[in-house]
$ cat run28.csv   # CSV, C-alpha atoms
chain,number,residue,atom,x,y,z
G,21,MET,CA,21.0,-23.9,-0.2
G,22,ILE,CA,18.5,-22.3,2.2
G,23,TYR,CA,19.2,-18.7,1.3
G,24,TRP,CA,18.6,-19.3,-2.4
G,25,GLN,CA,15.4,-21.2,-1.7
G,26,LEU,CA,14.1,-18.4,0.5
G,27,PHE,CA,14.9,-15.9,-2.1
G,28,LEU,CA,13.2,-17.9,-4.8
G,29,VAL,CA,10.0,-18.7,-2.9
G,30,PHE,CA,9.3,-15.0,-2.1
G,31,ALA,CA,10.5,-13.6,-5.4
G,32,TYR,CA,8.3,-16.1,-7.3
G,33,SER,CA,5.2,-15.6,-5.2
G,34,ASN,CA,5.4,-11.8,-5.3
G,35,LEU,CA,5.9,-11.8,-9.1
G,36,ILE,CA,3.1,-14.2,-9.8
G,37,GLY,CA,0.7,-12.8,-7.2
G,38,PHE,CA,-0.9,-9.8,-8.9
G,39,GLY,CA,-3.2,-8.0,-6.6
G,40,GLY,CA,-1.5,-7.8,-3.3
G,41,GLY,CA,-1.7,-10.0,-0.1
G,42,PRO,CA,-4.8,-12.1,-0.9
G,43,ALA,CA,-3.3,-13.2,-4.2
G,44,ILE,CA,0.2,-13.9,-2.8
G,45,ILE,CA,-0.6,-15.8,0.5
G,46,PRO,CA,-1.9,-19.0,-1.1
G,47,ILE,CA,1.3,-19.3,-3.2
G,48,ILE,CA,3.5,-18.7,-0.2
G,49,HIS,CA,1.5,-21.2,1.8
G,50,HIS,CA,1.9,-23.8,-0.9
G,51,ASP,CA,5.7,-23.4,-1.0
G,52,VAL,CA,6.4,-22.9,2.7
G,53,VAL,CA,4.0,-25.5,4.1
G,54,GLU,CA,3.7,-28.2,1.4
G,55,LYS,CA,6.8,-28.0,-0.8
G,56,TYR,CA,9.6,-27.2,1.6
G,57,GLU,CA,7.8,-28.1,4.9
G,58,TRP,CA,9.4,-25.2,6.7
G,59,MET,CA,6.3,-24.7,8.8
G,60,SER,CA,3.2,-26.7,9.9
G,61,ASP,CA,-0.1,-25.6,8.6
G,62,GLN,CA,-1.1,-24.6,12.1
G,63,HIS,CA,2.0,-22.5,12.7
G,64,PHE,CA,1.6,-20.8,9.3
G,65,SER,CA,-2.0,-19.8,10.0
G,66,GLU,CA,-1.1,-18.4,13.4
G,67,SER,CA,1.7,-16.4,12.0
G,68,LEU,CA,-0.5,-15.1,9.3
G,69,ALA,CA,-3.2,-14.1,11.8
G,70,LEU,CA,-0.7,-12.1,13.8
G,71,GLY,CA,0.8,-10.6,10.6
G,72,ASN,CA,-2.6,-9.4,9.5
G,73,ALA,CA,-3.0,-7.6,12.8
G,74,LEU,CA,0.2,-5.7,12.4
G,75,PRO,CA,0.8,-2.7,10.1
G,76,GLY,CA,2.4,-2.9,6.7
G,77,PRO,CA,2.2,-5.3,3.7
G,78,ILE,CA,1.6,-9.0,4.6
G,79,ALA,CA,4.0,-10.3,2.0
G,80,THR,CA,7.1,-8.7,3.5
G,81,LYS,CA,6.0,-9.6,7.1
G,82,MET,CA,5.7,-13.3,6.2
G,83,ALA,CA,9.0,-13.2,4.2
G,84,ALA,CA,10.7,-11.7,7.3
G,85,TYR,CA,9.3,-14.2,9.7
G,86,VAL,CA,9.7,-17.3,7.6
G,87,GLY,CA,13.2,-16.2,6.6
G,88,TYR,CA,14.2,-15.5,10.2
G,89,GLU,CA,12.9,-18.9,11.4
G,90,GLN,CA,14.9,-20.8,8.8
G,91,ALA,CA,18.1,-18.9,8.7
G,92,GLY,CA,18.2,-16.0,11.2
G,93,ILE,CA,18.7,-12.3,10.3
G,94,ILE,CA,20.4,-13.1,7.0
G,95,GLY,CA,17.5,-15.4,6.1
G,96,ALA,CA,15.0,-12.7,6.9
G,97,THR,CA,16.9,-10.2,4.8
G,98,VAL,CA,17.2,-12.5,1.8
G,99,ALA,CA,13.6,-13.4,1.9
G,100,VAL,CA,12.5,-9.8,2.1
G,101,ILE,CA,14.8,-8.8,-0.8
G,102,GLY,CA,13.2,-11.7,-2.7
G,103,ALA,CA,9.7,-10.4,-2.0
G,104,ILE,CA,10.4,-6.8,-3.0
G,105,GLY,CA,13.5,-6.8,-5.2
G,106,PRO,CA,12.3,-7.9,-8.6
G,107,THR,CA,9.1,-5.8,-8.5
G,108,MET,CA,11.1,-2.8,-7.2
G,109,LEU,CA,13.5,-3.1,-10.1
G,110,MET,CA,10.6,-3.1,-12.5
G,111,MET,CA,9.1,0.0,-10.8
G,112,PHE,CA,12.5,1.7,-11.0
G,113,LEU,CA,12.8,1.0,-14.7
G,114,LEU,CA,9.3,2.2,-15.4
G,115,VAL,CA,9.7,5.4,-13.4
G,116,SER,CA,13.1,6.1,-15.1
G,117,ILE,CA,11.5,5.9,-18.5
G,118,ILE,CA,8.6,8.1,-17.5
G,119,MET,CA,11.0,10.7,-15.9
G,120,LYS,CA,13.2,10.7,-19.0
G,121,TYR,CA,10.3,11.7,-21.2
G,122,LYS,CA,8.4,13.9,-18.7
G,123,HIS,CA,8.3,16.9,-20.9
G,124,HIS,CA,6.4,15.2,-23.7
G,125,THR,CA,2.7,16.1,-23.9
G,126,ARG,CA,1.8,12.4,-24.0
G,127,VAL,CA,3.6,11.7,-20.7
G,128,GLN,CA,2.2,14.8,-19.1
G,129,ARG,CA,-1.3,13.7,-19.7
G,130,LEU,CA,-0.7,10.3,-18.1
G,131,THR,CA,-1.8,11.5,-14.7
G,132,ALA,CA,-5.0,13.2,-16.1
G,133,PHE,CA,-5.9,10.0,-17.9
G,134,VAL,CA,-5.6,7.6,-15.0
G,135,LEU,CA,-7.3,9.9,-12.4
G,136,PRO,CA,-10.8,8.4,-13.0
G,137,ALA,CA,-9.4,4.9,-12.7
G,138,VAL,CA,-7.5,5.8,-9.5
G,139,THR,CA,-10.8,7.3,-8.1
G,140,ILE,CA,-12.6,4.0,-8.8
G,141,LEU,CA,-9.7,2.1,-7.3
G,142,MET,CA,-9.9,4.2,-4.1
G,143,LEU,CA,-13.7,3.5,-4.1
G,144,GLN,CA,-12.9,-0.2,-4.2
G,145,LEU,CA,-10.4,0.1,-1.4
G,146,THR,CA,-12.8,2.1,0.7
G,147,TRP,CA,-15.4,-0.6,0.2
G,148,GLN,CA,-12.9,-3.4,1.1
G,149,PHE,CA,-11.8,-1.7,4.3
G,150,PHE,CA,-15.4,-1.0,5.2
G,151,SER,CA,-16.3,-4.7,4.6
G,152,SER,CA,-13.5,-6.1,6.7
G,153,SER,CA,-14.4,-3.6,9.4
G,154,TYR,CA,-18.0,-4.8,9.2
G,155,GLU,CA,-17.0,-8.4,9.4
G,156,GLY,CA,-14.8,-7.7,12.4
G,157,ILE,CA,-17.0,-5.4,14.6
G,158,GLY,CA,-20.4,-5.2,13.0
G,159,LEU,CA,-22.3,-2.3,11.4
G,160,PHE,CA,-23.0,-0.3,14.5
G,161,TRP,CA,-19.4,0.1,15.7
G,162,THR,CA,-18.1,0.5,12.1
G,163,ILE,CA,-20.4,3.4,11.4
G,164,GLY,CA,-19.8,4.9,14.8
G,165,PHE,CA,-16.0,4.7,14.4
G,166,CYS,CA,-16.2,6.0,10.9
G,167,MET,CA,-18.3,9.0,11.9
G,168,ALA,CA,-16.1,9.8,14.9
G,169,SER,CA,-12.9,9.6,12.8
G,170,TYR,CA,-14.4,11.7,10.0
G,171,VAL,CA,-15.4,14.5,12.4
G,172,MET,CA,-12.0,14.4,14.0
G,173,MET,CA,-9.9,14.3,10.9
G,174,GLU,CA,-12.0,16.4,8.4
G,175,ILE,CA,-13.8,18.9,10.7
G,176,TRP,CA,-11.6,19.3,13.7
G,177,LYS,CA,-8.5,18.7,11.6
G,178,VAL,CA,-6.9,16.4,14.1
G,179,GLN,CA,-3.7,14.7,12.7
G,180,PRO,CA,-4.5,11.2,11.4
G,181,MET,CA,-1.8,9.6,13.5
G,182,ILE,CA,-3.5,10.8,16.7
G,183,VAL,CA,-6.8,9.5,15.5
G,184,ILE,CA,-5.2,6.2,14.8
G,185,VAL,CA,-3.6,5.9,18.3
G,186,LEU,CA,-7.0,6.7,19.8
G,187,ALA,CA,-8.7,4.1,17.6
G,188,LEU,CA,-6.0,1.5,18.5
G,189,LEU,CA,-6.6,2.0,22.2
G,190,ALA,CA,-10.4,2.0,21.8
G,191,GLY,CA,-10.2,-1.1,19.7
G,192,GLY,CA,-7.9,-2.9,22.1
G,193,PHE,CA,-10.2,-2.4,25.0
G,194,LEU,CA,-13.6,-2.8,23.1
G,195,PHE,CA,-12.9,-5.6,20.6
G,196,ALA,CA,-10.1,-7.8,22.2
C,22,MET,CA,20.6,15.9,-2.0
C,23,ASP,CA,21.1,17.1,1.5
C,24,GLN,CA,21.2,14.9,4.6
C,25,LYS,CA,18.3,16.7,6.3
C,26,LYS,CA,15.9,15.9,3.4
C,27,GLN,CA,17.0,12.3,3.3
C,28,TRP,CA,16.4,12.0,7.0
C,29,GLN,CA,13.0,13.6,6.6
C,30,LEU,CA,12.1,11.2,3.9
C,31,PHE,CA,13.1,8.2,6.0
C,32,LEU,CA,11.1,9.4,9.0
C,33,SER,CA,7.9,10.3,6.9
C,34,ILE,CA,7.9,6.9,5.2
C,35,PHE,CA,8.7,5.1,8.5
C,36,LYS,CA,5.8,6.8,10.2
C,37,ALA,CA,3.3,6.1,7.3
C,38,GLY,CA,4.4,2.4,7.3
C,39,PHE,CA,4.0,2.2,11.1
C,40,PHE,CA,0.4,3.4,11.1
C,41,ALA,CA,-0.8,1.5,8.0
C,42,PHE,CA,-2.9,-1.1,9.8
C,43,GLY,CA,-5.2,-3.4,7.8
C,44,GLY,CA,-2.9,-4.5,4.9
C,45,GLY,CA,-0.5,-3.0,2.4
C,46,PRO,CA,-2.9,-0.5,0.6
C,47,ALA,CA,-3.7,1.1,4.0
C,48,ILE,CA,-0.4,3.0,3.6
C,49,ILE,CA,-1.6,5.0,0.6
C,50,PRO,CA,-3.6,7.7,2.5
C,51,PHE,CA,-0.9,7.9,5.2
C,52,LEU,CA,1.8,8.4,2.7
C,53,GLN,CA,-0.2,11.0,0.9
C,54,LYS,CA,-0.8,13.0,4.1
C,55,GLU,CA,2.8,12.8,5.2
C,56,VAL,CA,4.8,13.1,2.0
C,57,VAL,CA,2.5,15.3,-0.1
C,58,GLU,CA,0.5,17.4,2.4
C,59,ARG,CA,2.8,17.8,5.4
C,60,LYS,CA,6.4,17.6,4.2
C,61,LYS,CA,5.7,18.4,0.5
C,62,LEU,CA,8.5,16.0,-0.6
C,63,VAL,CA,6.6,15.2,-3.8
C,64,THR,CA,3.7,16.9,-5.6
C,65,GLU,CA,0.2,15.5,-6.0
C,66,GLU,CA,0.9,14.9,-9.6
C,67,GLU,CA,4.0,12.8,-8.9
C,68,PHE,CA,2.2,10.9,-6.2
C,69,THR,CA,-0.7,10.0,-8.5
C,70,THR,CA,1.7,8.9,-11.3
C,71,GLY,CA,3.5,6.7,-8.8
C,72,LEU,CA,0.3,5.2,-7.5
C,73,SER,CA,-0.9,4.4,-11.0
C,74,LEU,CA,2.4,2.9,-12.1
C,75,ALA,CA,2.7,0.9,-8.9
C,76,ASN,CA,-0.7,-0.6,-9.6
C,77,THR,CA,0.3,-2.0,-12.9
C,78,LEU,CA,3.1,-4.1,-11.4
C,79,PRO,CA,3.0,-7.1,-9.2
C,80,GLY,CA,4.2,-7.2,-5.5
C,81,PRO,CA,3.2,-5.2,-2.4
C,82,ILE,CA,2.0,-1.7,-3.2
C,83,ALA,CA,3.5,-0.2,0.0
C,84,THR,CA,7.1,-1.0,-0.9
C,85,LYS,CA,6.6,0.1,-4.5
C,86,MET,CA,5.2,3.5,-3.4
C,87,GLY,CA,7.9,3.9,-0.7
C,88,GLY,CA,10.6,3.1,-3.2
C,89,TYR,CA,9.1,5.4,-5.9
C,90,ILE,CA,8.9,8.4,-3.5
C,91,GLY,CA,12.3,7.7,-2.2
C,92,TYR,CA,13.8,7.6,-5.7
C,93,ARG,CA,12.1,10.9,-6.7
C,94,VAL,CA,13.2,12.6,-3.6
C,95,GLY,CA,16.7,11.2,-3.0
C,96,GLY,CA,17.8,9.1,-6.0
C,97,VAL,CA,19.1,5.6,-5.5
C,98,PHE,CA,20.0,6.2,-1.9
C,99,GLY,CA,16.5,7.6,-1.2
C,100,LEU,CA,15.0,4.5,-2.8
C,101,ILE,CA,17.0,2.2,-0.5
C,102,SER,CA,16.3,4.2,2.6
C,103,ALA,CA,12.6,4.5,1.8
C,104,THR,CA,12.3,0.8,1.1
C,105,VAL,CA,14.0,0.0,4.4
C,106,ALA,CA,11.6,2.4,6.1
C,107,THR,CA,8.6,0.7,4.7
C,108,VAL,CA,9.7,-2.9,5.5
C,109,LEU,CA,11.6,-2.6,8.7
C,110,PRO,CA,9.0,-1.6,11.3
C,111,SER,CA,6.5,-4.3,10.5
C,112,ALA,CA,9.1,-7.0,9.8
C,113,PHE,CA,10.8,-6.3,13.1
C,114,LEU,CA,7.5,-6.3,15.0
C,115,MET,CA,6.5,-9.6,13.4
C,116,ILE,CA,9.7,-11.4,14.3
C,117,PHE,CA,9.9,-9.9,17.7
C,118,LEU,CA,6.3,-10.8,18.7
C,119,LEU,CA,6.4,-14.3,17.2
C,120,THR,CA,9.7,-15.2,18.9
C,121,THR,CA,9.1,-13.7,22.3
C,122,LEU,CA,5.5,-14.6,22.9
C,123,ASN,CA,4.5,-18.1,22.0
C,124,LYS,CA,0.9,-18.4,23.2
C,125,TYR,CA,-1.4,-17.4,20.4
C,126,THR,CA,-4.1,-16.1,22.8
C,127,LYS,CA,-1.8,-13.2,23.8
C,128,PHE,CA,-2.4,-11.5,20.5
C,129,ASP,CA,-6.0,-10.8,21.3
C,130,PHE,CA,-5.3,-7.2,22.3
C,131,VAL,CA,-3.3,-6.6,19.1
C,132,GLN,CA,-6.1,-8.0,17.0
C,133,GLY,CA,-8.7,-5.8,18.8
C,134,MET,CA,-6.5,-2.8,18.1
C,135,THR,CA,-6.5,-3.5,14.4
C,136,LYS,CA,-10.3,-3.8,14.4
C,137,GLY,CA,-10.5,-0.3,15.9
C,138,VAL,CA,-8.3,1.1,13.2
C,139,LEU,CA,-10.1,-0.3,10.1
C,140,PRO,CA,-12.9,2.3,10.2
C,141,VAL,CA,-10.4,5.1,10.4
C,142,VAL,CA,-8.6,3.8,7.3
C,143,THR,CA,-11.9,3.4,5.6
C,144,VAL,CA,-12.6,7.1,6.2
C,145,MET,CA,-9.1,8.1,5.0
C,146,MET,CA,-9.6,6.1,1.8
C,147,PHE,CA,-13.0,7.7,1.3
C,148,VAL,CA,-11.7,11.2,1.6
C,149,MET,CA,-8.8,10.4,-0.7
C,150,MET,CA,-11.3,9.0,-3.3
C,151,LEU,CA,-13.3,12.3,-3.1
C,152,ASP,CA,-10.0,14.2,-3.7
C,153,PHE,CA,-9.2,12.2,-6.7
C,154,PHE,CA,-12.7,12.7,-8.0
C,155,LYS,CA,-12.3,16.5,-7.6
C,156,LYS,CA,-9.0,16.4,-9.4
C,157,SER,CA,-10.4,14.4,-12.2
C,158,LYS,CA,-13.1,17.0,-12.6
C,159,LYS,CA,-10.6,19.8,-12.8
C,160,LYS,CA,-8.3,18.0,-15.3
C,161,LEU,CA,-10.8,16.4,-17.7
C,162,SER,CA,-13.8,17.6,-19.7
C,163,VAL,CA,-17.2,16.4,-18.4
C,164,SER,CA,-17.7,13.9,-21.2
C,165,THR,CA,-14.2,12.3,-20.9
C,166,LEU,CA,-14.7,12.1,-17.1
C,167,VAL,CA,-18.0,10.4,-17.3
C,168,ILE,CA,-16.8,7.9,-20.0
C,169,LEU,CA,-13.6,7.1,-18.1
C,170,LEU,CA,-15.3,6.8,-14.7
C,171,SER,CA,-18.1,4.6,-15.8
C,172,ALA,CA,-15.8,2.5,-18.0
C,173,SER,CA,-13.4,1.8,-15.1
C,174,GLY,CA,-16.2,1.3,-12.7
C,175,ILE,CA,-17.9,-1.2,-14.9
C,176,ALA,CA,-14.6,-3.0,-15.7
C,177,LEU,CA,-13.7,-3.2,-12.0
C,178,PHE,CA,-17.0,-4.0,-10.3
C,179,LEU,CA,-19.0,-5.8,-13.0
C,180,PHE,CA,-16.3,-7.7,-14.8
C,181,HIS,CA,-13.7,-7.9,-12.0
C,182,VAL,CA,-10.9,-6.8,-14.3
C,183,HIS,CA,-7.7,-6.3,-12.3
C,184,PRO,CA,-7.1,-2.6,-11.5
C,185,GLY,CA,-3.6,-3.0,-12.9
C,186,ILE,CA,-5.0,-3.9,-16.3
C,187,ILE,CA,-7.4,-1.0,-16.3
C,188,ILE,CA,-4.7,1.5,-15.4
C,189,SER,CA,-2.3,-0.1,-18.0
C,190,VAL,CA,-4.9,0.4,-20.7
C,191,LEU,CA,-5.4,4.1,-19.7
C,192,LEU,CA,-1.6,4.7,-19.6
C,193,LEU,CA,-1.3,3.2,-23.1
C,194,LEU,CA,-4.2,5.4,-24.3
C,195,ALA,CA,-2.5,8.5,-22.9
C,196,LEU,CA,0.8,7.5,-24.7
C,197,LEU,CA,-0.7,6.4,-28.0
C,198,LEU,CA,-3.7,8.6,-28.7
C,199,PRO,CA,-2.9,11.4,-31.1
C,200,VAL,CA,-2.2,14.8,-29.4
C,201,LYS,CA,-4.8,17.4,-30.3
C,202,LYS,CA,-4.2,21.1,-30.1
C,203,GLY,CA,-5.5,22.4,-26.8
C,204,ASP,CA,-5.1,19.0,-25.3
C,205,ASN,CA,-2.4,20.3,-23.0
C,206,VAL,CA,-3.0,19.4,-19.5
C,207,GLN,CA,-2.6,22.3,-17.2
$ encode --input "run28.csv" --output "structure tokens"
Amino acid sequence: MIYWQLFLVFAYSNLIGFGGGPAIIPIIHHDVVEKYEWMSDQHFSESLALGNALPGPIATKMAAYVGYEQAGIIGATVAVIGAIGPTMLMMFLLVSIIMKYKHHTRVQRLTAFVLPAVTILMLQLTWQFFSSSYEGIGLFWTIGFCMASYVMMEIWKVQPMIVIVLALLAGGFLFA
Amino acid sequence: MDQKKQWQLFLSIFKAGFFAFGGGPAIIPFLQKEVVERKKLVTEEEFTTGLSLANTLPGPIATKMGGYIGYRVGGVFGLISATVATVLPSAFLMIFLLTTLNKYTKFDFVQGMTKGVLPVVTVMMFVMMLDFFKKSKKKLSVSTLVILLSASGIALFLFHVHPGIIISVLLLLALLLPVKKGDNVQ
């Protein structure tokens, strides 16, 4: 049954693939291209390339597209639910427990304890985004765009969404 | 839970999801700007707790964050609406573009656009990192801060320990270490 298979493929890959997109994609590729042969390798890579250019998490975009191609809107819905359902349920349970005990001192100090690790995590993300920008458009443009957006957002206090729209347009014309 | 707030929640998360170019985690600074700073739907504290919990679980970070914020603001209905708001724009765009255009070369402009946005997201991540650093300084003593920062830094960059594991360990420490007097977090 195609719906069940779609659900399983995306539930499994998202539960196993700790660490976001890069960890999940190879597993999805294996199931979609090799195991079930829903897509050719070429078609998979092309969809992935477009998916990477669009906003949002890659796992749900791939789920939506593969699901849609195999079984229409219902297929897309089932695949997306597979991709996010199980981990969402876990998140929901974890948060309910934390909220239930939120008045305990131990729970209240949770945030304080993880702050340094979250700082380091953001540093890593900053570095990752800087590196992919460097790979895409080189050091000169990366630093130029970084400085321009810093001045706009942090000094002139322009709304980030406006800066993003400007960067999208500039990117489309300069780097296409 | 009034309708107006539910609608505000949906729109804020939809907007953040729509602008999060460059992969799932790109949504983090946009969510923070929209949901914490502009609409004040959740507090900084709640946001940070959600971010750290989300990092300890598998699956895309964007939907877990969206779902978490939705649940805190609007219960189970909020959770569902926020999840739809995170997934729908990009899923729709993906299906729409791939089924209407079939020549791969036509995506060049879209890919150029994403390249232009990456530096902006880099800056937003950087600013957020500075914020978290300032908050850590306020909440923890200098010695605890130095120890935790360097320990997480070494684990992540030198030993490539998964961030989810680092955060899980810290969460467990917060829950299990004995509570001292004056240990109350303000």
$ closest_residue --input "run28.csv" --among "G:Leu143, G:Ile118, G:Met181, G:Met21" --to "Gly71 of chain C" --atoms "all atoms listed in the file"
G:Ile118
$ closest_residue --input "run28.csv" --among "G:Ser67, G:Thr146, G:Asn34, G:Thr162" --to "Thr143 of chain C" --atoms "all atoms listed in the file"
G:Thr146
$ residues_near_point --input "run28.csv" --point "(1.3, -13.5, 2.5)" --cutoff "6 Å" --atoms "all atoms listed in the file" --output "ChimeraX atom specification"
/G:41,44-45,78-79,82
$ write_last_selection --input "run28.csv" --atoms "C-alpha atoms" --output "mmCIF file, in the coordinates of the input"
data_model
loop_
_atom_site.group_PDB
_atom_site.id
_atom_site.type_symbol
_atom_site.label_atom_id
_atom_site.label_comp_id
_atom_site.auth_asym_id
_atom_site.auth_seq_id
_atom_site.Cartn_x
_atom_site.Cartn_y
_atom_site.Cartn_z
ATOM 1 C CA GLY G 41 -1.700 -10.000 -0.100
ATOM 2 C CA ILE G 44 0.200 -13.900 -2.800
ATOM 3 C CA ILE G 45 -0.600 -15.800 0.500
ATOM 4 C CA ILE G 78 1.600 -9.000 4.600
ATOM 5 C CA ALA G 79 4.000 -10.300 2.000
ATOM 6 C CA MET G 82 5.700 -13.300 6.200
#
$ closest_residue --input "run28.csv" --among "C:Lys54, C:Arg93, C:Lys85, C:Ala103" --to "Leu30 of chain C" --atoms "all atoms listed in the file"
C:Ala103
$ residues_near_point --input "run28.csv" --point "(-12.8, -1.6, -14.3)" --cutoff "12 Å" --atoms "only C-alpha atoms" --output "VMD selection string"
(chain G and resid 134 136 to 141 143 to 144) or (chain C and resid 168 to 191)
$ closest_residue --input "run28.csv" --among "C:Phe31, C:Ile101, C:Val163, C:Pro81" --to "chain G" --atoms "only C-alpha atoms"
C:Pro81
$ atom_distance --input "run28.csv" --atom1 "atom CA of Met142 of chain G" --atom2 "atom CA of Leu109 of chain G"
25.2 Å
$ atom_distance --input "run28.csv" --atom1 "atom CA of Val171 of chain G" --atom2 "atom CA of Ser152 of chain G"
21.5 Å
$ closest_residue --input "run28.csv" --among "C:Phe130, C:Phe98, C:Phe68, C:Phe117" --to "chain G" --atoms "only C-alpha atoms"
C:Phe130
$ atom_distance --input "run28.csv" --atom1 "atom CA of Ala106 of chain C" --atom2 "atom CA of Gly88 of chain C"
9.4 Å
$ closest_residue --input "run28.csv" --among "G:Trp176, G:Thr131, G:Leu194, G:Cys166" --to "Glu65 of chain C" --atoms "only C-alpha atoms"
G:Thr131
